[in-house]
file entry20.pdb (PDB, C-alpha atoms)
ATOM      1  CA  ILE R   1      84.690   4.060 -23.188
ATOM      2  CA  PRO R   2      82.619   1.806 -20.919
ATOM      3  CA  ALA R   3      84.724  -0.887 -19.286
ATOM      4  CA  ARG R   4      82.308  -3.638 -20.285
ATOM      5  CA  ILE R   5      82.105  -2.958 -23.993
ATOM      6  CA  PRO R   6      84.151  -6.015 -24.927
ATOM      7  CA  GLN R   7      83.738  -6.345 -28.660
ATOM      8  CA  ARG R   8      84.673  -3.933 -31.409
ATOM      9  CA  CYS R   9      84.685  -5.089 -35.005
ATOM     10  CA  ARG R  10      86.516  -3.042 -37.637
ATOM     11  CA  VAL R  11      84.278  -3.962 -40.553
ATOM     12  CA  VAL R  12      86.147  -1.969 -43.173
ATOM     13  CA  ASN R  13      88.429   1.056 -43.042
ATOM     14  CA  GLY R  14      86.405   3.890 -41.541
ATOM     15  CA  ILE R  15      83.587   1.794 -40.039
ATOM     16  CA  ASP R  16      83.578   0.292 -36.535
ATOM     17  CA  VAL R  17      80.794  -1.792 -35.042
ATOM     18  CA  TRP R  18      80.487  -2.217 -31.284
ATOM     19  CA  LEU R  19      78.551  -5.004 -29.554
ATOM     20  CA  ILE R  20      77.192  -3.781 -26.228
ATOM     21  CA  ASP R  21      76.216  -5.835 -23.162
ATOM     22  CA  LEU R  22      73.206  -3.923 -21.881
ATOM     23  CA  CYS R  23      73.440  -5.622 -18.479
ATOM     24  CA  ALA R  24      76.673  -3.758 -17.712
ATOM     25  CA  THR R  25      76.152  -1.856 -14.467
ATOM     26  CA  ASP R  26      78.410   1.029 -15.544
ATOM     27  CA  LEU R  27      75.956   1.875 -18.330
ATOM     28  CA  GLN R  28      73.033   2.633 -16.016
ATOM     29  CA  ASN R  29      73.946   6.219 -15.138
ATOM     30  CA  SER R  30      71.162   8.269 -16.704
ATOM     31  CA  ALA R  31      73.033  11.469 -15.815
ATOM     32  CA  PHE R  32      74.859  11.017 -19.129
ATOM     33  CA  LEU R  33      71.579  11.387 -21.017
ATOM     34  CA  SER R  34      69.812  14.511 -22.192
ATOM     35  CA  SER R  35      66.667  15.670 -20.407
ATOM     36  CA  GLN R  36      64.611  14.461 -23.376
ATOM     37  CA  GLU R  37      66.215  10.991 -23.222
ATOM     38  CA  ARG R  38      65.652  10.773 -19.469
ATOM     39  CA  LYS R  39      62.001  11.713 -19.989
ATOM     40  CA  ARG R  40      61.638   9.033 -22.642
ATOM     41  CA  SER R  41      63.304   6.414 -20.424
ATOM     42  CA  ARG R  42      60.750   7.098 -17.676
ATOM     43  CA  ALA R  43      57.955   6.365 -20.145
ATOM     44  CA  PHE R  44      58.930   2.684 -20.377
ATOM     45  CA  VAL R  45      56.597   0.591 -18.220
ATOM     46  CA  HIS R  46      58.820  -2.509 -18.095
ATOM     47  CA  PRO R  47      62.023  -2.030 -16.070
ATOM     48  CA  HIS R  48      64.180  -4.164 -18.386
ATOM     49  CA  ARG R  49      63.164  -2.060 -21.393
ATOM     50  CA  ARG R  50      63.942   1.108 -19.467
ATOM     51  CA  GLN R  51      67.326  -0.367 -18.505
ATOM     52  CA  ALA R  52      68.077  -1.347 -22.123
ATOM     53  CA  TYR R  53      67.186   2.118 -23.386
ATOM     54  CA  ILE R  54      69.356   3.875 -20.806
ATOM     55  CA  ALA R  55      72.322   1.515 -21.231
ATOM     56  CA  SER R  56      72.306   1.661 -25.034
ATOM     57  CA  HIS R  57      72.132   5.458 -25.148
ATOM     58  CA  VAL R  58      74.762   5.901 -22.431
ATOM     59  CA  ALA R  59      77.063   3.570 -24.382
ATOM     60  CA  LEU R  60      76.420   5.521 -27.588
ATOM     61  CA  ARG R  61      77.197   8.871 -25.954
ATOM     62  CA  ARG R  62      80.371   7.604 -24.293
ATOM     63  CA  LEU R  63      81.636   6.040 -27.512
ATOM     64  CA  LEU R  64      80.907   9.149 -29.574
ATOM     65  CA  ALA R  65      82.632  11.299 -26.966
ATOM     66  CA  ALA R  66      85.713   9.088 -27.274
ATOM     67  CA  TYR R  67      85.693   9.322 -31.081
ATOM     68  CA  CYS R  68      85.224  13.097 -30.931
ATOM     69  CA  ALA R  69      87.769  13.524 -28.119
ATOM     70  CA  ARG R  70      85.410  15.735 -26.132
ATOM     71  CA  PRO R  71      83.391  15.375 -22.910
ATOM     72  CA  VAL R  72      80.069  13.566 -23.102
ATOM     73  CA  GLN R  73      78.294  16.678 -21.856
ATOM     74  CA  GLU R  74      79.459  18.651 -24.908
ATOM     75  CA  LEU R  75      77.783  16.356 -27.428
ATOM     76  CA  VAL R  76      74.806  18.026 -29.096
ATOM     77  CA  PHE R  77      72.357  16.137 -31.305
ATOM     78  CA  GLN R  78      69.749  17.109 -33.837
ATOM     79  CA  GLN R  79      67.226  15.054 -35.790
ATOM     80  CA  GLY R  80      67.119  14.587 -39.545
ATOM     81  CA  PRO R  81      63.881  14.914 -41.579
ATOM     82  CA  TYR R  82      62.694  11.445 -40.520
ATOM     83  CA  GLY R  83      64.010  11.550 -36.971
ATOM     84  CA  LYS R  84      67.449  10.015 -37.471
ATOM     85  CA  PRO R  85      69.793  11.563 -34.870
ATOM     86  CA  GLU R  86      72.880  13.440 -36.021
ATOM     87  CA  LEU R  87      75.762  15.056 -34.167
ATOM     88  CA  ILE R  88      76.147  18.810 -34.435
ATOM     89  CA  ASN R  89      79.680  20.154 -34.979
ATOM     90  CA  ALA R  90      81.144  16.721 -35.697
ATOM     91  CA  ASP R  91      81.954  16.736 -39.406
ATOM     92  CA  ARG R  92      81.889  13.361 -41.114
ATOM     93  CA  LEU R  93      81.116  11.268 -38.069
ATOM     94  CA  TYR R  94      78.130   9.060 -38.738
ATOM     95  CA  PHE R  95      76.550   6.602 -36.341
ATOM     96  CA  ASN R  96      73.591   4.331 -35.801
ATOM     97  CA  LEU R  97      72.237   2.476 -32.776
ATOM     98  CA  SER R  98      70.037  -0.588 -32.461
ATOM     99  CA  HIS R  99      69.174  -2.586 -29.363
ATOM    100  CA  SER R 100      67.156  -5.687 -28.568
ATOM    101  CA  LYS R 101      66.808  -7.558 -25.279
ATOM    102  CA  GLU R 102      70.310  -7.660 -23.702
ATOM    103  CA  ARG R 103      72.400  -6.560 -26.697
ATOM    104  CA  ALA R 104      72.965  -3.351 -28.617
ATOM    105  CA  LEU R 105      74.831  -2.722 -31.845
ATOM    106  CA  ILE R 106      76.474   0.641 -32.494
ATOM    107  CA  ALA R 107      77.992   1.501 -35.874
ATOM    108  CA  ILE R 108      80.333   4.486 -36.136
ATOM    109  CA  SER R 109      81.792   5.708 -39.423
ATOM    110  CA  ASP R 110      83.935   8.585 -40.624
ATOM    111  CA  CYS R 111      83.336   7.888 -44.313
ATOM    112  CA  ALA R 112      79.611   7.364 -45.012
ATOM    113  CA  GLU R 113      76.146   7.051 -43.523
ATOM    114  CA  VAL R 114      75.573   3.733 -41.782
ATOM    115  CA  GLY R 115      72.620   1.698 -40.606
ATOM    116  CA  ALA R 116      72.744  -1.112 -38.058
ATOM    117  CA  ASP R 117      70.149  -3.479 -36.678
ATOM    118  CA  VAL R 118      70.108  -6.255 -34.088
ATOM    119  CA  GLU R 119      67.064  -8.373 -33.248
ATOM    120  CA  SER R 120      66.573 -11.109 -30.684
ATOM    121  CA  PHE R 121      65.321 -14.360 -32.188
ATOM    122  CA  GLY R 122      62.678 -14.688 -29.468
ATOM    123  CA  ASP R 123      60.752 -17.915 -29.232
ATOM    124  CA  GLN R 124      59.955 -18.447 -32.921
ATOM    125  CA  THR R 125      60.116 -16.921 -36.386
ATOM    126  CA  PRO R 126      57.086 -14.622 -36.970
ATOM    127  CA  VAL R 127      56.017 -16.394 -40.168
ATOM    128  CA  ASP R 128      52.779 -14.403 -40.386
ATOM    129  CA  ILE R 129      54.631 -11.272 -41.578
ATOM    130  CA  ILE R 130      56.785 -12.911 -44.251
ATOM    131  CA  ALA R 131      54.429 -12.037 -47.136
ATOM    132  CA  GLN R 132      54.251  -8.395 -46.005
ATOM    133  CA  THR R 133      58.019  -8.112 -45.455
ATOM    134  CA  PHE R 134      59.900 -10.074 -48.105
ATOM    135  CA  SER R 135      60.032  -9.878 -51.882
ATOM    136  CA  LYS R 136      58.929 -12.838 -53.985
ATOM    137  CA  ARG R 137      62.549 -13.891 -54.520
ATOM    138  CA  GLU R 138      63.276 -13.648 -50.800
ATOM    139  CA  GLN R 139      60.183 -15.695 -49.973
ATOM    140  CA  ASP R 140      61.368 -18.383 -52.399
ATOM    141  CA  ILE R 141      64.734 -18.449 -50.609
ATOM    142  CA  LEU R 142      63.043 -18.794 -47.212
ATOM    143  CA  VAL R 143      60.929 -21.683 -48.496
ATOM    144  CA  SER R 144      64.011 -23.428 -49.904
ATOM    145  CA  VAL R 145      66.205 -23.374 -46.783
ATOM    146  CA  CYS R 146      66.071 -26.173 -44.239
ATOM    147  CA  ASP R 147      64.332 -25.682 -40.899
ATOM    148  CA  ASP R 148      67.651 -25.330 -39.047
ATOM    149  CA  LEU R 149      68.550 -22.254 -41.109
ATOM    150  CA  HIS R 150      65.111 -20.703 -41.489
ATOM    151  CA  THR R 151      65.330 -18.495 -38.400
ATOM    152  CA  ASP R 152      68.843 -17.296 -39.304
ATOM    153  CA  VAL R 153      67.823 -16.379 -42.869
ATOM    154  CA  PHE R 154      64.594 -14.694 -41.757
ATOM    155  CA  PHE R 155      66.322 -12.455 -39.235
ATOM    156  CA  GLU R 156      69.215 -11.732 -41.587
ATOM    157  CA  GLY R 157      66.691 -10.445 -44.121
ATOM    158  CA  TRP R 158      64.662  -8.524 -41.542
ATOM    159  CA  CYS R 159      67.739  -6.900 -39.983
ATOM    160  CA  ARG R 160      69.132  -5.985 -43.402
ATOM    161  CA  LYS R 161      65.916  -4.217 -44.374
ATOM    162  CA  GLU R 162      65.865  -2.238 -41.135
ATOM    163  CA  ALA R 163      69.584  -1.404 -41.420
ATOM    164  CA  ALA R 164      69.195  -0.184 -45.002
ATOM    165  CA  LEU R 165      66.248   2.060 -44.142
ATOM    166  CA  LYS R 166      68.083   3.414 -41.095
ATOM    167  CA  ALA R 167      71.111   4.236 -43.265
ATOM    168  CA  GLU R 168      68.806   6.141 -45.607
ATOM    169  CA  GLY R 169      67.272   7.850 -42.598
ATOM    170  CA  THR R 170      63.693   7.131 -43.654
ATOM    171  CA  GLY R 171      62.676   4.487 -41.113
ATOM    172  CA  LEU R 172      59.986   1.924 -41.923
ATOM    173  CA  THR R 173      58.199   4.100 -44.466
ATOM    174  CA  ASP R 174      58.803   2.013 -47.593
ATOM    175  CA  ASP R 175      57.080  -1.115 -48.875
ATOM    176  CA  LEU R 176      59.529  -3.714 -47.573
ATOM    177  CA  THR R 177      58.569  -6.173 -50.319
ATOM    178  CA  ASP R 178      60.091  -3.736 -52.847
ATOM    179  CA  MET R 179      63.517  -4.211 -51.226
ATOM    180  CA  ASP R 180      65.535  -7.314 -52.051
ATOM    181  CA  VAL R 181      68.293  -7.528 -49.435
ATOM    182  CA  LEU R 182      69.534 -11.108 -49.594
ATOM    183  CA  ASN R 183      72.400  -9.927 -51.805
ATOM    184  CA  VAL R 184      75.567  -7.956 -51.083
ATOM    185  CA  LYS R 185      73.663  -4.724 -51.761
ATOM    186  CA  VAL R 186      70.099  -3.402 -51.677
ATOM    187  CA  CYS R 187      68.150  -4.044 -54.869
ATOM    188  CA  ARG R 188      64.955  -2.062 -55.437
ATOM    189  CA  THR R 189      61.915  -3.282 -57.314
ATOM    190  CA  GLY R 190      58.448  -1.859 -57.867
ATOM    191  CA  GLU R 191      57.511   1.796 -58.247
ATOM    192  CA  LYS R 192      60.454   3.170 -56.238
ATOM    193  CA  ALA R 193      63.145   1.245 -58.077
ATOM    194  CA  GLY R 194      64.571   4.392 -59.682
ATOM    195  CA  SER R 195      64.059   6.810 -56.811
ATOM    196  CA  HIS R 196      66.949   5.678 -54.602
ATOM    197  CA  PRO R 197      70.216   6.811 -56.223
ATOM    198  CA  LYS R 198      72.490   5.570 -53.426
ATOM    199  CA  ASN R 199      73.929   2.079 -53.529
ATOM    200  CA  TRP R 200      73.774   0.539 -50.059
ATOM    201  CA  PHE R 201      76.099  -2.389 -49.424
ATOM    202  CA  PHE R 202      75.949  -4.913 -46.603
ATOM    203  CA  TYR R 203      79.000  -5.947 -44.635
ATOM    204  CA  PRO R 204      79.290  -9.302 -42.851
ATOM    205  CA  LEU R 205      79.334  -9.215 -39.058
ATOM    206  CA  PRO R 206      80.354 -11.919 -36.567
ATOM    207  CA  LYS R 207      77.487 -14.088 -35.339
ATOM    208  CA  ILE R 208      75.719 -13.126 -32.117
ATOM    209  CA  ALA R 209      74.172 -16.165 -30.447
ATOM    210  CA  GLY R 210      70.391 -15.832 -30.394
ATOM    211  CA  TYR R 211      70.307 -12.613 -32.437
ATOM    212  CA  GLY R 212      70.087 -11.465 -36.024
ATOM    213  CA  ARG R 213      72.341  -8.561 -37.011
ATOM    214  CA  ALA R 214      73.113  -6.415 -40.027
ATOM    215  CA  LEU R 215      75.204  -3.471 -41.138
TER     216      LEU R 215
END

call {"tool": "encode", "arguments": {"input": "entry20.pdb", "output": "structure tokens"}}
result
Amino acid sequence: IPARIPQRCRVVNGIDVWLIDLCATDLQNSAFLSSQERKRSRAFVHPHRRQAYIASHVALRRLLAAYCARPVQELVFQQGPYGKPELINADRLYFNLSHSKERALIAISDCAEVGADVESFGDQTPVDIIAQTFSKREQDILVSVCDDLHTDVFFEGWCRKEAALKAEGTGLTDDLTDMDVLNVKVCRTGEKAGSHPKNWFFYPLPKIAGYGRAL
């Protein structure tokens, strides 16, 4: 396990969440990556984005190797129908990775599919996408909160939507306004309300200064 992965949170029995410092120098060894990942890393124009990609994927591989008790080089991945990566020959080990700016969040579970998301606050809340992202009830909540909490609530909602879709393995293919996520579980509205049989629940995570996060 990388020496500078300082924070593990045991969210509930069977689910760990790791907070990764992407500036850690011991996470910059691209030799740990597959040839496809190294090719993708070279496609990043901005050096800091290339560094974040390499560091987050090296951290993921080293953590999974530790959980599987096997060398990093023996890990083999495949992609699900919508591109979500899965480990081959690792029964009931589920994982998800998200990274933004200098932080990454890695969720690892031996009991169920997981989705994680972390997003840097940036300079300001992107208010222009609220109507295309949030349900009517969620928009009412955003309007009602004070300015000091608006950014926190916005990014909590945004990260929860991304985390839920990543757990399902579908990516951003749904109408986000049909998902109400400012509850303890995902509530569906609209045409697809009955087409998602799984109940996805959110688990609270410690605050990360300057970032939204969700599991």

call {"tool": "resolve_selection", "arguments": {"input": "entry20.pdb", "expression": "the PyMOL selection byres ((chain R and resi 114-130) around 7)", "output": "PDB file with C-alpha atoms, in the coordinates of the input"}}
result
ATOM      1  CA  TYR R  94      78.130   9.060 -38.738  1.00  0.00           C
ATOM      2  CA  PHE R  95      76.550   6.602 -36.341  1.00  0.00           C
ATOM      3  CA  ASN R  96      73.591   4.331 -35.801  1.00  0.00           C
ATOM      4  CA  LEU R  97      72.237   2.476 -32.776  1.00  0.00           C
ATOM      5  CA  SER R  98      70.037  -0.588 -32.461  1.00  0.00           C
ATOM      6  CA  HIS R  99      69.174  -2.586 -29.363  1.00  0.00           C
ATOM      7  CA  SER R 100      67.156  -5.687 -28.568  1.00  0.00           C
ATOM      8  CA  LYS R 101      66.808  -7.558 -25.279  1.00  0.00           C
ATOM      9  CA  ALA R 104      72.965  -3.351 -28.617  1.00  0.00           C
ATOM     10  CA  LEU R 105      74.831  -2.722 -31.845  1.00  0.00           C
ATOM     11  CA  ILE R 106      76.474   0.641 -32.494  1.00  0.00           C
ATOM     12  CA  ALA R 107      77.992   1.501 -35.874  1.00  0.00           C
ATOM     13  CA  SER R 109      81.792   5.708 -39.423  1.00  0.00           C
ATOM     14  CA  ALA R 112      79.611   7.364 -45.012  1.00  0.00           C
ATOM     15  CA  GLU R 113      76.146   7.051 -43.523  1.00  0.00           C
ATOM     16  CA  ALA R 131      54.429 -12.037 -47.136  1.00  0.00           C
ATOM     17  CA  GLN R 132      54.251  -8.395 -46.005  1.00  0.00           C
ATOM     18  CA  THR R 133      58.019  -8.112 -45.455  1.00  0.00           C
ATOM     19  CA  PHE R 134      59.900 -10.074 -48.105  1.00  0.00           C
ATOM     20  CA  THR R 151      65.330 -18.495 -38.400  1.00  0.00           C
ATOM     21  CA  CYS R 159      67.739  -6.900 -39.983  1.00  0.00           C
ATOM     22  CA  GLU R 162      65.865  -2.238 -41.135  1.00  0.00           C
ATOM     23  CA  ALA R 163      69.584  -1.404 -41.420  1.00  0.00           C
ATOM     24  CA  ALA R 164      69.195  -0.184 -45.002  1.00  0.00           C
ATOM     25  CA  LYS R 166      68.083   3.414 -41.095  1.00  0.00           C
ATOM     26  CA  ALA R 167      71.111   4.236 -43.265  1.00  0.00           C
ATOM     27  CA  GLY R 210      70.391 -15.832 -30.394  1.00  0.00           C
ATOM     28  CA  TYR R 211      70.307 -12.613 -32.437  1.00  0.00           C
ATOM     29  CA  GLY R 212      70.087 -11.465 -36.024  1.00  0.00           C
ATOM     30  CA  ARG R 213      72.341  -8.561 -37.011  1.00  0.00           C
ATOM     31  CA  ALA R 214      73.113  -6.415 -40.027  1.00  0.00           C
ATOM     32  CA  LEU R 215      75.204  -3.471 -41.138  1.00  0.00           C
TER      33      LEU R 215
END

call {"tool": "closest_residue", "arguments": {"input": "entry20.pdb", "among": "R:Leu182, R:Arg103, R:Asp175, R:Pro85", "to": "Glu138 of chain R", "atoms": "all atoms listed in the file"}}
result
R:Leu182

call {"tool": "resolve_selection", "arguments": {"input": "entry20.pdb", "expression": "the PyMOL selection byres ((chain R and resi 15) around 9)", "output": "number ranges by chain"}}
result
R: 9-14, 16-17, 107-112, 114

call {"tool": "resolve_selection", "arguments": {"input": "entry20.pdb", "expression": "the PyMOL selection byres ((chain R and resi 35-43) around 12)", "output": "PyMOL selection string"}}
result
chain R and resi 28-34+44-58+61+73+77-78

call {"tool": "atom_distance", "arguments": {"input": "entry20.pdb", "atom1": "atom CA of Asp152 of chain R", "atom2": "atom CA of Ala24 of chain R"}}
result
26.7 Å

call {"tool": "closest_residue", "arguments": {"input": "entry20.pdb", "among": "R:Trp18, R:Asp91, R:Asn199, R:Ser135", "to": "Leu176 of chain R", "atoms": "all atoms listed in the file"}}
result
R:Ser135

call {"tool": "atom_distance", "arguments": {"input": "entry20.pdb", "atom1": "atom CA of Ala209 of chain R", "atom2": "atom CA of Arg62 of chain R"}}
result
25.3 Å

call {"tool": "residues_near_point", "arguments": {"input": "entry20.pdb", "point": "(80.5, 17.0, -27.1)", "cutoff": "9 Å", "atoms": "all atoms listed in the file", "output": "VMD selection string"}}
result
chain R and resid 61 64 to 65 68 to 76 87 to 90

call {"tool": "atom_distance", "arguments": {"input": "entry20.pdb", "atom1": "atom CA of Cys187 of chain R", "atom2": "atom CA of Pro206 of chain R"}}
result
23.4 Å

call {"tool": "closest_residue", "arguments": {"input": "entry20.pdb", "among": "R:Cys146, R:Leu93, R:Lys207, R:Gly80", "to": "Leu63 of chain R", "atoms": "all atoms listed in the file"}}
result
R:Leu93

call {"tool": "decode", "arguments": {"input": "entry20.pdb", "residues": "segment 40-51 of chain R", "atoms": "all heavy atoms", "output": "mmCIF file, in the first residue's frame"}}
result
data_model
loop_
_atom_site.group_PDB
_atom_site.id
_atom_site.type_symbol
_atom_site.label_atom_id
_atom_site.label_comp_id
_atom_site.auth_asym_id
_atom_site.auth_seq_id
_atom_site.Cartn_x
_atom_site.Cartn_y
_atom_site.Cartn_z
ATOM 1 N N ARG R 40 -3.220 6.040 -22.425
ATOM 2 C CA ARG R 40 -4.204 7.076 -22.106
ATOM 3 C C ARG R 40 -3.559 8.224 -21.331
ATOM 4 O O ARG R 40 -3.896 9.385 -21.565
ATOM 5 C CB ARG R 40 -5.351 6.474 -21.292
ATOM 6 C CG ARG R 40 -6.451 7.479 -21.010
ATOM 7 C CD ARG R 40 -7.661 6.861 -20.355
ATOM 8 N NE ARG R 40 -8.685 7.862 -20.101
ATOM 9 C CZ ARG R 40 -9.815 7.627 -19.453
ATOM 10 N NH1 ARG R 40 -10.077 6.404 -18.999
ATOM 11 N NH2 ARG R 40 -10.695 8.584 -19.255
ATOM 12 N N SER R 41 -2.638 7.915 -20.429
ATOM 13 C CA SER R 41 -1.986 8.973 -19.650
ATOM 14 C C SER R 41 -1.212 9.917 -20.562
ATOM 15 O O SER R 41 -1.152 11.125 -20.311
ATOM 16 C CB SER R 41 -1.063 8.365 -18.592
ATOM 17 O OG SER R 41 0.095 7.798 -19.175
ATOM 18 N N ARG R 42 -0.607 9.384 -21.615
ATOM 19 C CA ARG R 42 0.159 10.232 -22.540
ATOM 20 C C ARG R 42 -0.737 11.149 -23.359
ATOM 21 O O ARG R 42 -0.259 12.135 -23.937
ATOM 22 C CB ARG R 42 1.007 9.350 -23.467
ATOM 23 C CG ARG R 42 2.151 8.624 -22.750
ATOM 24 C CD ARG R 42 3.121 8.010 -23.766
ATOM 25 N NE ARG R 42 2.507 6.922 -24.534
ATOM 26 C CZ ARG R 42 2.542 5.645 -24.187
ATOM 27 N NH1 ARG R 42 3.156 5.281 -23.060
ATOM 28 N NH2 ARG R 42 1.990 4.711 -24.954
ATOM 29 N N ALA R 43 -2.020 10.845 -23.398
ATOM 30 C CA ALA R 43 -2.957 11.667 -24.176
ATOM 31 C C ALA R 43 -3.337 12.962 -23.463
ATOM 32 O O ALA R 43 -3.882 13.876 -24.087
ATOM 33 C CB ALA R 43 -4.221 10.866 -24.497
ATOM 34 N N PHE R 44 -3.061 13.039 -22.145
ATOM 35 C CA PHE R 44 -3.389 14.261 -21.414
ATOM 36 C C PHE R 44 -2.407 15.363 -21.780
ATOM 37 O O PHE R 44 -1.187 15.192 -21.688
ATOM 38 C CB PHE R 44 -3.351 14.014 -19.897
ATOM 39 C CG PHE R 44 -4.506 13.205 -19.390
ATOM 40 C CD1 PHE R 44 -4.385 11.829 -19.220
ATOM 41 C CD2 PHE R 44 -5.724 13.797 -19.077
ATOM 42 C CE1 PHE R 44 -5.444 11.071 -18.752
ATOM 43 C CE2 PHE R 44 -6.791 13.049 -18.609
ATOM 44 C CZ PHE R 44 -6.649 11.687 -18.450
ATOM 45 N N VAL R 45 -2.937 16.514 -22.189
ATOM 46 C CA VAL R 45 -2.090 17.636 -22.595
ATOM 47 C C VAL R 45 -1.477 18.309 -21.377
ATOM 48 O O VAL R 45 -0.287 18.648 -21.371
ATOM 49 C CB VAL R 45 -2.913 18.654 -23.415
ATOM 50 C CG1 VAL R 45 -2.067 19.882 -23.740
ATOM 51 C CG2 VAL R 45 -3.434 18.013 -24.689
ATOM 52 N N HIS R 46 -2.285 18.499 -20.317
ATOM 53 C CA HIS R 46 -1.822 19.212 -19.129
ATOM 54 C C HIS R 46 -1.081 18.253 -18.197
ATOM 55 O O HIS R 46 -1.622 17.207 -17.828
ATOM 56 C CB HIS R 46 -2.996 19.850 -18.399
ATOM 57 C CG HIS R 46 -3.739 20.857 -19.226
ATOM 58 N ND1 HIS R 46 -3.212 22.089 -19.528
ATOM 59 C CD2 HIS R 46 -4.960 20.809 -19.832
ATOM 60 C CE1 HIS R 46 -4.071 22.762 -20.277
ATOM 61 N NE2 HIS R 46 -5.134 22.009 -20.475
ATOM 62 N N PRO R 47 0.132 18.594 -17.797
ATOM 63 C CA PRO R 47 0.929 17.698 -16.955
ATOM 64 C C PRO R 47 0.257 17.322 -15.635
ATOM 65 O O PRO R 47 0.362 16.174 -15.189
ATOM 66 C CB PRO R 47 2.209 18.505 -16.703
ATOM 67 C CG PRO R 47 2.312 19.434 -17.870
ATOM 68 C CD PRO R 47 0.900 19.781 -18.222
ATOM 69 N N HIS R 48 -0.458 18.274 -15.002
ATOM 70 C CA HIS R 48 -1.061 17.954 -13.708
ATOM 71 C C HIS R 48 -2.208 16.958 -13.862
ATOM 72 O O HIS R 48 -2.436 16.137 -12.972
ATOM 73 C CB HIS R 48 -1.556 19.219 -12.997
ATOM 74 C CG HIS R 48 -2.728 19.896 -13.652
ATOM 75 N ND1 HIS R 48 -2.586 20.768 -14.711
ATOM 76 C CD2 HIS R 48 -4.060 19.827 -13.397
ATOM 77 C CE1 HIS R 48 -3.772 21.214 -15.086
ATOM 78 N NE2 HIS R 48 -4.691 20.656 -14.317
ATOM 79 N N ARG R 49 -2.895 16.992 -15.007
ATOM 80 C CA ARG R 49 -3.952 16.005 -15.241
ATOM 81 C C ARG R 49 -3.355 14.629 -15.530
ATOM 82 O O ARG R 49 -3.897 13.609 -15.097
ATOM 83 C CB ARG R 49 -4.840 16.457 -16.395
ATOM 84 C CG ARG R 49 -5.667 17.697 -16.062
ATOM 85 C CD ARG R 49 -6.627 18.046 -17.172
ATOM 86 N NE ARG R 49 -7.451 19.199 -16.821
ATOM 87 C CZ ARG R 49 -8.344 19.757 -17.623
ATOM 88 N NH1 ARG R 49 -8.548 19.244 -18.842
ATOM 89 N NH2 ARG R 49 -9.040 20.799 -17.228
ATOM 90 N N ARG R 50 -2.237 14.631 -16.250
ATOM 91 C CA ARG R 50 -1.540 13.367 -16.492
ATOM 92 C C ARG R 50 -1.050 12.775 -15.168
ATOM 93 O O ARG R 50 -1.197 11.580 -14.910
ATOM 94 C CB ARG R 50 -0.365 13.601 -17.435
ATOM 95 C CG ARG R 50 0.375 12.312 -17.832
ATOM 96 C CD ARG R 50 1.587 12.600 -18.694
ATOM 97 N NE ARG R 50 1.245 13.490 -19.803
ATOM 98 C CZ ARG R 50 1.760 14.704 -19.968
ATOM 99 N NH1 ARG R 50 2.635 15.163 -19.094
ATOM 100 N NH2 ARG R 50 1.403 15.450 -20.991
ATOM 101 N N GLN R 51 -0.499 13.630 -14.303
ATOM 102 C CA GLN R 51 -0.004 13.187 -13.006
ATOM 103 C C GLN R 51 -1.141 12.624 -12.154
ATOM 104 O O GLN R 51 -0.994 11.586 -11.504
ATOM 105 C CB GLN R 51 0.657 14.349 -12.269
ATOM 106 C CG GLN R 51 1.056 14.048 -10.827
ATOM 107 C CD GLN R 51 1.554 15.288 -10.104
ATOM 108 O OE1 GLN R 51 2.162 16.169 -10.692
ATOM 109 N NE2 GLN R 51 1.293 15.346 -8.809
#
